[in-house]
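Visitor: Quick one: the structure is below, questions incoming.
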Amino acid sequence: MSLAKSPWIIHVNVNSCNGCDIEVVACLTPLYDAERFGVLNIGTPKQADIMVVTGSVNYKNVNVLKNLYNQIPDPKVVLAVGACASTGGIFHNCYNVIGGVDQVIPVDAYVPGCCPRPEAILDGVVAALSILEEKKKGNIKGKEVKLKGSEVPSNA
Amino acid sequence: MLDNTIETTEIKSSGELLKTVEGLKSDGYRYSTMICLKANEGHDLIYIFEKDNKLKNLRYFVKPGEKPKSVSGIYLCALLIENEYQDLFGLTFEGLAIDYKGHLYLTPNSPKAPLA
Amino acid sequence: MNTNDILLAVLVLIGAPIIGCIASGIDRKITARLQGRVGPPLLQPYYDVKKLLSKDNMVVNPSQNFYVVVYLVFIVLSLLMLVFKQDFLMIIFVYTVASLALIVGGMSTGSPYARVGSSREIMAILSYEPVLILYALAIYLLTGTFKLTAVLDASSPMLMYTPLIFIAMIVVLNIKLKKSPFDYSTSHHGHQELVKGMTTEYGGPGFATIEIAHFYEYVFLTGLIFLFWASNPIIGVLLGIIAYLLIIVIDNITARVYWQWMLKLSWSVLLIISIVNIAFLYVSGVQLA
Amino acid sequence: MMENTVMLLIIVPILFSLLFVALPKSLYKYLAWAFFIIGVALSVNLVLDGTGVVQIGEPNFAMFENIVLVLEVLVILFILAVSAKYKNWPTLGLGIISAALFAYTFTNVPGAEGASFNIDQFSQIMILIVNIVGTAIILFATGYMDEYEEHRHLHRQKTFYFTMSFFLAAMNGLVMADTLGWLFLFWELTTLCSFVLISYNMDEEGINNGFRALALNLVGGIALSIGIILLATKYEISTLSGIGTYAGTDAAAMAAVALPVALLCIGGFAKSAQMPFQSWLLGAMVAPTPVSALLHSSTMVNAGVFLVVKLVPAFAGSSLGTAIAVYGSFTFVMCSALALSQRNAKRVLAYSTIANLGLIIASAGIGTPLAVAAAIMLILFHAISKALLFLCTGEIEHTIGSRDIEDMSGLINKAPLLTTLAALGMVSMLLPPFGVLLTKWVSMEAASSNPVVIVFLILGSALTTVYYAKWLGTILSSSMDKNAVPHKKPETYFPLSFLGLAIVATSIFVFSIYSYFIKPQVEILLKTAPVISGQAGQFTSEIGAFAYAAIFVVLALAVLIYLATKNMFTPRTTSYYMCGENNLEKDRLMFRNGLCSYEKSSVSNIYLQNTFGESKLTTLGYAISIILIVIALAGGVGL
Amino acid sequence: MTTVIPFGPQHPVLPEPVSLKLEIDNDVVVGVLPSLGYVHRGLEKFIDTKDYNQTTYICERICGICSALHGITYTRAVEKLFDVEIPERAQYIRVIVGELNRVHSHLLWLGLFADGFGFESLFYECWKYREAVLDVLERITGNRVIHSISRVGGVSRDLTKEQIDMTLKMLDAVESQVKDIEKVFVNNYTVKQRLVGLATMSKQLAYEAGTAGPTLRGSGNAVDVRETADWDIYKDLGFKPVVEKDGDCYARTKVRITELYESIKLIRNAISKLPNGEVAIPIKGFPTGEAIMRTEQPRGEVVYYVKGNGTKNLERLKIRTPTFANIPSLLLMLPGVKLADVPIVVLTIDPCISCTER
Amino acid sequence: MGMLNLVLTNISRKPPTRLYPFEIREPFKEFKGRIVFNPENCILCGLCQKKCPPDAITVTKADKTWELNVFRCIMCTECVNGCPKDCISISNERAKTGAKEFIKVAVPIVDKPKAPKAETPKAASSK
Ligand code: SF4
Ligand code: SF4
Ligand code: SF4
Ligand code: SF4
Ligand code: SF4
Ligand code: SF4
Ligand code: SF4
Ligand code: SF4
């Protein structure tokens, strides 16, 4: 239960157009006030539980994403916010876009929309909470994502 | 060409280019941006300058294999766009203030010169 | 040490974190309300700590958690010494051990942000430590001893004679609680240039330890304010609460400042007013009845 | 037999210095071990012999007196010769003045019938420091000097060990001598040793700094000898204890001897490198580290404060005392502030040394029993901690090739034991429950009656915390690259560990030390004992209590909790937070920069050169300290 | 030895992935090297696969913050290629949405900026007020952030009476709220401590460094493309560029606050002058020729270059975004400021990396 | 002190926070929430697929299916405007958060004039 009451998030903007980002930030502001659920935008992966990713993966930020994922202590949940993070969205076949976040790190929940409303993101956080509890109970560890020399995921 | 072409002044050599740009700077023009187009195997560079909300455009043709001169020594702010074209078109500008060597946006594994 | 003392010690050990936890919950709630939000539940700090304890113990330097344990035990020790009316100067030195342990803990991780945060916090020592010791000196001048017995047994409040030091102490409290405008070494939310400053590399149980130590520290710092009106415990506690509220409000109406600015403030204003206060005590020779 | 021990304490080091010259380098190690063991034995023996006065009367006196005369002449001739050789005119001038004063003394001052060594508890403490810490440092040097010389292409180890050992003899004489004339000789001998050792590298920097030290100490020596002349001619006092006895009679007597006492104190200030004389000690940092540890932190510079403390009965409670207290505390705060802007570890230590000596002087100036007790204890604890810190710095320098504090980050990964010892040294300088802080606490409590002094002490102690915290944090920060391998030689690590243990032991047994040494000594000096009691692991004065035992217990508890919980939460090592741009295959502190290449991140501490830099503060320090000294002197002549 | 630290790409104080390598000496920045490419998607290449109509939606997603103005500028550029004049009412709706966009963007920036100097509660205030603007935008366009209102040939939705009333009501409320926060930004002692005299650029320097928008106008240059003849409506609405002359972070903040009032005024005027009629005309054929279109976005002037070749795809699309023009000025402003000021100085150009890198 | 006023006003009023998910505000009728497909009239012409900028729609003539990748749709309404048969409309209800969702609908083509049997939109897990 404790996990579900204190989800600290780290917000990672990888390839986003800012639309999703500002909505993630809007979740924290008075009108939506995610802190009601104990959500803190904590900044450092070392203290985070939920990784909120906006935007798709490109060749430059793929390592960033993996590094940050590896630095979050278990149990952890990845929430892909927006069409870009979920599937690559409108940019899915741009030359510098590898695809959705799940091409690189395991994603636990997706939030649709371009951009998703803050309410949708809150839904996502709530969904992430139950996954977090499950992971704790089942002692499910996130696998260490290896940084490949080539920086290109095999399934890209 | 067509009637809605933008007005440009043709520049013949890179020496002339630098001189013209310097002249524009002393006339109080701001560097706005530069446009790169593929043309006749080479590239057309359209330099856009602005003063009092009016634009002045220079067009310079880069022959295949030619290394155009950077104007970042005159206008520092030109360095970003010139680096961008190094990435995207595979051009090489000489005398860049900061040379990202084709790694401004792209990393060694991304597609090379995608717009070329 | 008789049974009463042991009972009291146990009470402090258990009670202080509970009070501190609730205080920090109230703090967050009030902060949220000041910002026009609903805010987290009152027991949020408790949930946070519980969660942190159940997380993976991820470290960059295997010994980094040692320093936070030192931080915790020395905070507890200084609180206990306060409760047992020990030498105030000594309490401050013990408290310094705790502060330094946290700083060194930040440094020991070696991460750039933590180190910058720690070096700023070191500079903070320069601004609050003299005030704290001058406070001790004031107690000495008023009672003829550094032991707190005299203050706690006195029948008149110390605030009467030490108003300027009280003001300085409010600012020190603000610095120690790392609230805006003095949250440059680590802030409660990670929205600052140093991410989480000193505690950037701490997570899980290590960070939980820091949080628990903070609970004790809350109580300890309130205790320092309490001393100003120890003659009437109710007013004393009230004074502590008012000081807290004041700091929470200040937190919400100021931007973060530079440590340089704070150093200037403390050496030019806080120190001077404290010294003026001390000079007054020295010259007038008043004694706490 | 105390008499024998006293003689042995002077003769044995001289013997060893000759042995170092006679024997080959390969045997130094064994020689140093022997010296260490004998040093410990002798000094412990002296303590066991108890206190008392050793009179040297006729017929031995004549012989000794002649030796002394010859030595004094030699000293002066050496100074004149060397300053002429290096064309150092100021030193030459001072040498000539010294010579003149010597001549005056020789002709005009009536000679004494005998001389005496006065072994009190203070001397015992000093003897312990000199012969245990001192020989430990020499032992350390045998593991250190080869590498030191190798890097600098020097072959002067014979000179080195000769002077170091000879210095111990001089220092032993100095702390035991009661006769002022003899004391003065030993005093000048230590100055000479210091000069030789500072110039050890024989490069321009070393020689210049050596001369600076020589010149400033000559100034002090001149003040000292004028004081001695005045005492002898005006009041017929020829012993150190005599001053106290004379001044102790009544306030008028105290006021009468104020001027010569002030002059003696100035001699002490110069030796202890107090402002405005501090520059020689900073210059002395060019000497090899063992020299800094031995002469310039734990022993020789203590001679100055030793003298001042011994003079306490002559100014306790007087306005001269107050002036000295203000002066000392001013040096304390000023040098602590100066240390803030330093990144050269040895300079930090040098400033810290000056500052702590200032604190001792301040305590002595306050002159209450509590304060004097603090002063003596501080000499002891400071000597041990500082010796350790200097030696650690030397060893660190050999490990990483730099004495810049900033280069020491990550040291804990490279040389864990060395770092732990250095950290212990630093912690012992500023945190409870260690001795230095205990004495700082005592002196603060003692100084609380003097608002100026206490404010200085408060500021100074905050500044001290800051500059040590920076250094401490830096060496303890992890960086995970293990390029340098620590040199593990017993000759270097034994002295370090020994000093580390000594810090802990003396801190734990602080109350025994207090009751055995300090309390009787304060009684001797001030005729009253400080009201300090120690029960239940507390150090209780009339106005406060220092619960050092509780802190030791809690510290142990912290270690236990850490060890116990370590296994509860198995730590998993991960990489630094680098905003996501780590590269784990390379250095863990590497990150990718804009040019798509990798770069190492580093963080340096804050030094505040603009506020606390030497250029900003030194002039101010000179001005104020000179004013304070003038005030002290003026008070002395009764203006 | 100086301090070298990575600042970003994932850094909580910069919600966007820009990375700066900072070299710091004694707490003062002495060197800075920006690292870009974390949001580079390659949108200028997209025109190969998408027709000129679909490209509108891509341009809107160059940046989610001033997406409406991207869409508007793009569609106007293409309309210029077709050489068509779209209905007046559509033009006015574009202006209204565009200015609403600026209001929300400036409020957003004020909030983030406040957060940058550690003033959380002020950040929350700004974003609280911003929600009202977003509600209006949502009702007008159907989306809170990415509005998709402008299409080639006009706008996709008309403005109803109800929406106009709501807008006017919101403007009144927001105007008074802006007055409240203006007091804080302009008068609060700690805020002034942080902003006044920070990262000053002289008029000349800002001009030559090619800066744009409030960064440029904060240094005393009255350059605002809304003034040009390119788009007459602004003249009719009585637009005046907002200028402050001090050139520091404080001045740039004041520019943006004053622009809020200016935008509110423009929207009111536009609503009062809103003509009746169609909101879109059909466009036939494929674009040819070259055109440059410029618009003043919240962050400054955006330059669209479009080239058509008679097919449904454009031949070349080039966008010079305002942040692209402002980033070089960071190289000039950052050296010499304290580490603690880095986020403030970076935020003071109102960076939008996604538009810089496209 | 401007800020003091603001924060004190805040604390004296009820916070404006919407207690989502406990209190849900009615979505605006103009809100573009999700795409609704009515297979009844669809002729599988593929225009919507061609117009869709993010390629969220796949029309497969062979299988007679119309498929929407909900997690790729950007709510641009190009398909809504582009469909010659007005089969696509927009609803002001949000798409659901959670696992990736593909709406795959079998389209009853003209030869089956009545009672179209649409498969209920079903959620498929990630690809
Ligand atoms: S999903 Fe849409 S709003 Fe979100 S980042 Fe992608 S394009 Fe921008
Ligand atoms: S002088 Fe040269 S050869 Fe001799 S020990 Fe030194 S380095 Fe070796
Ligand atoms: S600093 Fe380097 S060169 Fe010098 S003595 Fe030490 S290790 Fe040798
Ligand atoms: S410079 Fe380029 S190729 Fe070389 S290591 Fe860096 S990223 Fe790889
Ligand atoms: S556009 Fe503004 S809000 Fe969005 S990430 Fe960039 S700086 Fe932050
Ligand atoms: S800076 Fe560019 S991309 Fe960002 S909001 Fe403005 S116009 Fe849009
Ligand atoms: S609304 Fe736009 S993105 Fe969504 S399915 Fe239709 S055309 Fe595609
Ligand atoms: S939904 Fe409309 S546009 Fe799409 S295939 Fe069916 S009829 Fe054609």
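If you're wondering about the labels, chains in the structure tokens are A, B, ... by order shown, residues count from 1 in each chain, ligands from 1 in order shown.
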Could you tell me, counting only C-alpha atoms and all ligand atoms, which protein and nucleic acid residues lie no more than 7 Å from ligand 2, written as a ChimeraX atom specification?
Guide: /D:149-154
Visitor: Print the selection's residues with all heavy atoms to a file, as a CSV table (one decimal), in the first residue's frame.
Guide:
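Contents of out_26.csv, as written:
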chain,number,residue,atom,x,y,z
D,149,GLU,N,63.4,12.9,-2.5
D,149,GLU,CA,64.6,13.3,-3.1
D,149,GLU,C,64.7,12.9,-4.5
D,149,GLU,O,65.2,13.6,-5.4
D,149,GLU,CB,65.8,12.7,-2.3
D,149,GLU,CG,65.9,13.3,-0.9
D,149,GLU,CD,67.3,13.4,-0.5
D,149,GLU,OE1,68.1,12.4,-0.7
D,149,GLU,OE2,67.7,14.5,0.1
D,150,GLU,N,64.2,11.7,-4.8
D,150,GLU,CA,64.2,11.2,-6.2
D,150,GLU,C,63.6,12.2,-7.1
D,150,GLU,O,64.1,12.5,-8.2
D,150,GLU,CB,63.6,9.9,-6.2
D,150,GLU,CG,63.9,9.1,-7.4
D,150,GLU,CD,63.2,7.7,-7.4
D,150,GLU,OE1,63.3,7.0,-6.3
D,150,GLU,OE2,62.5,7.4,-8.3
D,151,HIS,N,62.4,12.7,-6.7
D,151,HIS,CA,61.7,13.6,-7.6
D,151,HIS,C,62.4,14.9,-7.8
D,151,HIS,O,62.2,15.6,-8.7
D,151,HIS,CB,60.3,13.9,-7.0
D,151,HIS,CG,59.4,12.7,-7.2
D,151,HIS,ND1,58.9,12.3,-8.4
D,151,HIS,CD2,58.8,11.9,-6.3
D,151,HIS,CE1,58.2,11.3,-8.2
D,151,HIS,NE2,58.1,11.0,-6.9
D,152,ARG,N,63.2,15.3,-6.8
D,152,ARG,CA,63.8,16.6,-6.9
D,152,ARG,C,65.3,16.5,-7.1
D,152,ARG,O,66.0,17.5,-7.1
D,152,ARG,CB,63.6,17.3,-5.5
D,152,ARG,CG,62.2,17.8,-5.4
D,152,ARG,CD,61.9,18.4,-4.1
D,152,ARG,NE,60.5,18.8,-4.0
D,152,ARG,CZ,59.5,18.0,-3.8
D,152,ARG,NH1,59.7,16.7,-3.7
D,152,ARG,NH2,58.3,18.5,-3.7
D,153,HIS,N,65.8,15.3,-7.3
D,153,HIS,CA,67.2,15.1,-7.6
D,153,HIS,C,68.1,15.7,-6.5
D,153,HIS,O,69.0,16.5,-6.8
D,153,HIS,CB,67.6,15.7,-9.0
D,153,HIS,CG,66.8,15.1,-10.1
D,153,HIS,ND1,67.1,14.0,-10.8
D,153,HIS,CD2,65.5,15.5,-10.5
D,153,HIS,CE1,66.2,13.7,-11.6
D,153,HIS,NE2,65.2,14.6,-11.5
D,154,LEU,N,67.8,15.3,-5.3
D,154,LEU,CA,68.6,15.8,-4.2
D,154,LEU,C,69.3,14.6,-3.5
D,154,LEU,O,68.9,13.5,-3.6
D,154,LEU,CB,67.6,16.4,-3.1
D,154,LEU,CG,67.0,17.8,-3.4
D,154,LEU,CD1,66.0,18.1,-2.4
D,154,LEU,CD2,68.1,18.8,-3.4
Visitor: Which polymer residues have any atom within 10 Å of an atom of range 12-19 of chain B, counting only C-alpha atoms, with same-chain residues fewer than 2 positions away left out, as a short mmCIF file (atom, residue, chain, number, x, y, z; two decimals) with all heavy atoms, in the first residue's frame?
Guide:
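See selection_7.cif below for the written result:
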data_model
loop_
_atom_site.label_atom_id
_atom_site.label_comp_id
_atom_site.auth_asym_id
_atom_site.auth_seq_id
_atom_site.Cartn_x
_atom_site.Cartn_y
_atom_site.Cartn_z
N THR B 9 19.66 38.27 -54.46
CA THR B 9 20.82 38.79 -55.17
C THR B 9 21.77 37.64 -55.36
O THR B 9 22.09 36.92 -54.42
CB THR B 9 21.52 39.88 -54.33
OG1 THR B 9 20.50 40.71 -53.76
CG2 THR B 9 22.48 40.69 -55.15
N GLU B 10 22.22 37.44 -56.60
CA GLU B 10 23.13 36.33 -56.86
C GLU B 10 24.54 36.70 -56.42
O GLU B 10 25.01 37.82 -56.63
CB GLU B 10 23.16 36.00 -58.36
CG GLU B 10 21.88 35.38 -58.88
CD GLU B 10 21.69 33.94 -58.43
OE1 GLU B 10 22.71 33.26 -58.18
OE2 GLU B 10 20.52 33.51 -58.32
N VAL B 21 28.45 40.19 -47.08
CA VAL B 21 27.88 40.01 -45.74
C VAL B 21 28.44 41.06 -44.79
O VAL B 21 27.71 41.66 -44.00
CB VAL B 21 28.16 38.58 -45.23
CG1 VAL B 21 27.75 38.45 -43.78
CG2 VAL B 21 27.41 37.58 -46.08
N GLU B 22 29.74 41.29 -44.90
CA GLU B 22 30.32 42.31 -44.04
C GLU B 22 29.69 43.67 -44.31
O GLU B 22 29.40 44.44 -43.39
CB GLU B 22 31.84 42.38 -44.23
CG GLU B 22 32.57 41.69 -43.10
CD GLU B 22 34.04 41.47 -43.43
OE1 GLU B 22 34.64 42.39 -44.02
OE2 GLU B 22 34.55 40.40 -43.09
N GLY B 23 29.49 43.94 -45.60
CA GLY B 23 28.84 45.20 -45.96
C GLY B 23 27.46 45.31 -45.35
O GLY B 23 27.09 46.35 -44.79
N LEU B 24 26.71 44.20 -45.43
CA LEU B 24 25.36 44.22 -44.86
C LEU B 24 25.43 44.47 -43.36
O LEU B 24 24.61 45.20 -42.80
CB LEU B 24 24.67 42.89 -45.14
CG LEU B 24 24.21 42.68 -46.57
CD1 LEU B 24 23.69 41.28 -46.77
CD2 LEU B 24 23.13 43.70 -46.93
N LYS B 25 26.43 43.86 -42.71
CA LYS B 25 26.51 44.05 -41.27
C LYS B 25 26.75 45.52 -40.94
O LYS B 25 26.14 46.08 -40.03
CB LYS B 25 27.62 43.18 -40.67
CG LYS B 25 27.68 43.32 -39.16
CD LYS B 25 28.57 42.30 -38.51
CE LYS B 25 28.49 42.44 -37.00
NZ LYS B 25 29.33 41.49 -36.30
N TYR B 47 20.95 33.21 -48.18
CA TYR B 47 21.18 33.90 -46.91
C TYR B 47 20.10 34.94 -46.74
O TYR B 47 19.86 35.73 -47.65
CB TYR B 47 22.54 34.58 -46.91
CG TYR B 47 23.71 33.62 -46.91
CD1 TYR B 47 24.16 33.04 -48.10
CD2 TYR B 47 24.36 33.31 -45.73
CE1 TYR B 47 25.22 32.17 -48.10
CE2 TYR B 47 25.44 32.43 -45.72
CZ TYR B 47 25.86 31.87 -46.90
OH TYR B 47 26.92 30.99 -46.90
N LEU B 58 20.48 36.78 -50.20
CA LEU B 58 21.60 36.51 -51.09
C LEU B 58 21.54 35.06 -51.50
O LEU B 58 21.24 34.19 -50.67
CB LEU B 58 22.93 36.76 -50.39
CG LEU B 58 23.13 38.08 -49.66
CD1 LEU B 58 24.51 38.10 -49.02
CD2 LEU B 58 22.98 39.24 -50.62
N ARG B 59 21.80 34.80 -52.76
CA ARG B 59 21.78 33.41 -53.20
C ARG B 59 23.18 33.04 -53.68
O ARG B 59 23.80 33.77 -54.45
CB ARG B 59 20.77 33.23 -54.34
CG ARG B 59 20.43 31.78 -54.64
CD ARG B 59 19.47 31.69 -55.81
NE ARG B 59 18.10 32.08 -55.49
CZ ARG B 59 17.14 31.20 -55.24
NH1 ARG B 59 17.38 29.92 -55.27
NH2 ARG B 59 15.92 31.63 -54.97
N TYR B 60 23.65 31.95 -53.15
CA TYR B 60 25.01 31.53 -53.49
C TYR B 60 24.99 30.07 -53.84
O TYR B 60 24.47 29.26 -53.08
CB TYR B 60 25.94 31.81 -52.29
CG TYR B 60 27.34 31.28 -52.48
CD1 TYR B 60 28.18 31.83 -53.45
CD2 TYR B 60 27.83 30.26 -51.68
CE1 TYR B 60 29.45 31.34 -53.64
CE2 TYR B 60 29.11 29.76 -51.86
CZ TYR B 60 29.92 30.31 -52.84
OH TYR B 60 31.18 29.82 -53.02
N PHE B 61 25.55 29.74 -55.00
CA PHE B 61 25.53 28.34 -55.44
C PHE B 61 26.81 27.63 -55.01
O PHE B 61 27.92 28.09 -55.28
CB PHE B 61 25.37 28.27 -56.96
CG PHE B 61 25.39 26.85 -57.47
CD1 PHE B 61 24.35 25.99 -57.17
CD2 PHE B 61 26.47 26.38 -58.22
CE1 PHE B 61 24.38 24.68 -57.62
CE2 PHE B 61 26.49 25.08 -58.67
CZ PHE B 61 25.44 24.22 -58.37
N VAL B 62 26.64 26.54 -54.30
CA VAL B 62 27.78 25.75 -53.85
C VAL B 62 27.98 24.62 -54.83
O VAL B 62 27.10 23.76 -54.99
CB VAL B 62 27.54 25.18 -52.45
CG1 VAL B 62 28.78 24.46 -51.96
CG2 VAL B 62 27.15 26.27 -51.49
N LYS B 67 33.73 23.59 -50.47
CA LYS B 67 33.52 23.83 -49.04
C LYS B 67 33.24 25.32 -48.84
O LYS B 67 34.17 26.13 -48.89
CB LYS B 67 34.77 23.44 -48.24
CG LYS B 67 34.99 21.94 -48.23
CD LYS B 67 36.17 21.55 -47.38
CE LYS B 67 36.30 20.03 -47.38
NZ LYS B 67 37.57 19.60 -46.83
N PRO B 68 31.99 25.66 -48.63
CA PRO B 68 31.67 27.09 -48.50
C PRO B 68 32.30 27.69 -47.25
O PRO B 68 32.57 26.99 -46.27
CB PRO B 68 30.14 27.12 -48.41
CG PRO B 68 29.76 25.75 -48.00
CD PRO B 68 30.81 24.83 -48.52
N LYS B 69 32.51 28.99 -47.29
CA LYS B 69 33.09 29.71 -46.14
C LYS B 69 31.98 30.00 -45.13
O LYS B 69 30.86 30.38 -45.51
CB LYS B 69 33.69 31.03 -46.60
CG LYS B 69 34.93 30.88 -47.45
CD LYS B 69 36.18 31.10 -46.62
CE LYS B 69 37.46 31.10 -47.45
NZ LYS B 69 37.57 30.07 -48.48
N SER B 70 32.33 29.85 -43.88
CA SER B 70 31.35 30.17 -42.84
C SER B 70 31.28 31.67 -42.62
O SER B 70 32.29 32.37 -42.71
CB SER B 70 31.78 29.49 -41.54
OG SER B 70 31.13 30.08 -40.46
N VAL B 71 30.08 32.17 -42.37
CA VAL B 71 29.98 33.59 -42.01
C VAL B 71 29.88 33.75 -40.50
O VAL B 71 29.62 34.83 -40.00
CB VAL B 71 28.78 34.29 -42.70
CG1 VAL B 71 28.88 34.18 -44.18
CG2 VAL B 71 27.47 33.76 -42.18
N GLY B 73 32.08 33.94 -38.49
CA GLY B 73 33.06 34.90 -37.99
C GLY B 73 32.50 36.32 -38.01
O GLY B 73 32.94 37.18 -37.26
N ILE B 74 31.54 36.56 -38.89
CA ILE B 74 30.95 37.89 -38.99
C ILE B 74 29.70 37.97 -38.10
O ILE B 74 29.57 38.86 -37.28
CB ILE B 74 30.60 38.22 -40.45
CG1 ILE B 74 31.84 38.03 -41.33
CG2 ILE B 74 30.05 39.63 -40.56
CD1 ILE B 74 31.55 38.04 -42.80
#
Visitor: As a quick test: using only C-alpha atoms and all ligand atoms, which residues lie no more than 8 Å away from ligand 3? Give them as a ChimeraX atom specification.
Guide: /D:147-152,394,397-403
Visitor: Kindly provide, as a list in words, the residues of chain F having any atom no farther than 6 Å from an atom of chain A, counting only C-alpha atoms.
Guide: Pro16, Thr17, Arg18, Pro54, Phe71, Arg72, Ile74, Thr97, Gly98 and Ala99 of chain F
Visitor: Once you have the residues from the selection above, write them out as a compact mmCIF listing (two decimals), in the first residue's frame, restricted to all heavy atoms.
Guide:
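part.txt, written as the output of this step:
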# COMPACT_ATOMS: atom_id res chain seq x y z
N PRO F 16 -8.98 25.71 -5.81
CA PRO F 16 -9.71 25.47 -7.05
C PRO F 16 -9.49 24.08 -7.62
O PRO F 16 -10.00 23.77 -8.70
CB PRO F 16 -9.13 26.53 -7.99
CG PRO F 16 -7.75 26.76 -7.48
CD PRO F 16 -7.81 26.56 -6.01
N THR F 17 -8.69 23.27 -6.94
CA THR F 17 -8.35 21.95 -7.46
C THR F 17 -9.60 21.14 -7.81
O THR F 17 -10.53 21.06 -7.02
CB THR F 17 -7.53 21.19 -6.41
OG1 THR F 17 -6.48 22.02 -5.98
CG2 THR F 17 -6.99 19.90 -6.96
N ARG F 18 -9.56 20.56 -9.00
CA ARG F 18 -10.62 19.60 -9.36
C ARG F 18 -10.19 18.25 -8.84
O ARG F 18 -9.10 17.79 -9.15
CB ARG F 18 -10.74 19.52 -10.88
CG ARG F 18 -11.52 20.64 -11.45
CD ARG F 18 -11.62 20.45 -12.95
NE ARG F 18 -11.49 21.75 -13.56
CZ ARG F 18 -10.74 22.01 -14.60
NH1 ARG F 18 -10.05 21.04 -15.18
NH2 ARG F 18 -10.66 23.21 -15.08
N PRO F 54 -0.58 10.68 -39.26
CA PRO F 54 0.31 9.74 -38.58
C PRO F 54 0.11 8.30 -39.01
O PRO F 54 0.64 7.40 -38.34
CB PRO F 54 -0.07 9.91 -37.12
CG PRO F 54 -1.49 10.27 -37.14
CD PRO F 54 -1.74 11.02 -38.41
N PHE F 71 -3.50 4.72 -30.25
CA PHE F 71 -2.35 5.35 -29.62
C PHE F 71 -1.46 6.07 -30.61
O PHE F 71 -0.37 6.50 -30.27
CB PHE F 71 -1.57 4.31 -28.82
CG PHE F 71 -2.21 4.02 -27.50
CD1 PHE F 71 -3.36 3.23 -27.43
CD2 PHE F 71 -1.72 4.56 -26.34
CE1 PHE F 71 -3.97 2.99 -26.24
CE2 PHE F 71 -2.33 4.32 -25.13
CZ PHE F 71 -3.47 3.54 -25.08
N ARG F 72 -1.93 6.15 -31.86
CA ARG F 72 -1.17 6.93 -32.80
C ARG F 72 -1.98 8.13 -33.28
O ARG F 72 -1.42 9.14 -33.71
CB ARG F 72 -0.74 6.06 -33.98
CG ARG F 72 0.30 6.73 -34.83
CD ARG F 72 0.82 5.81 -35.90
NE ARG F 72 1.98 5.06 -35.46
CZ ARG F 72 2.50 4.05 -36.14
NH1 ARG F 72 1.93 3.66 -37.27
NH2 ARG F 72 3.55 3.42 -35.69
N ILE F 74 -3.81 11.49 -33.70
CA ILE F 74 -3.50 12.79 -33.11
C ILE F 74 -4.71 13.72 -33.11
O ILE F 74 -4.56 14.92 -32.88
CB ILE F 74 -2.33 13.45 -33.84
CG1 ILE F 74 -2.67 13.64 -35.32
CG2 ILE F 74 -1.05 12.64 -33.68
CD1 ILE F 74 -1.71 14.54 -36.04
N THR F 97 -6.79 5.16 -21.09
CA THR F 97 -5.38 4.97 -20.75
C THR F 97 -5.15 3.51 -20.42
O THR F 97 -6.06 2.84 -19.94
CB THR F 97 -5.08 5.81 -19.50
OG1 THR F 97 -5.17 7.17 -19.86
CG2 THR F 97 -3.70 5.55 -18.94
N GLY F 98 -3.96 3.03 -20.66
CA GLY F 98 -3.67 1.67 -20.25
C GLY F 98 -2.82 0.97 -21.27
O GLY F 98 -1.81 1.51 -21.70
N ALA F 99 -3.27 -0.22 -21.68
CA ALA F 99 -2.50 -0.96 -22.67
C ALA F 99 -2.82 -0.39 -24.05
O ALA F 99 -3.83 0.28 -24.25
CB ALA F 99 -2.86 -2.43 -22.61
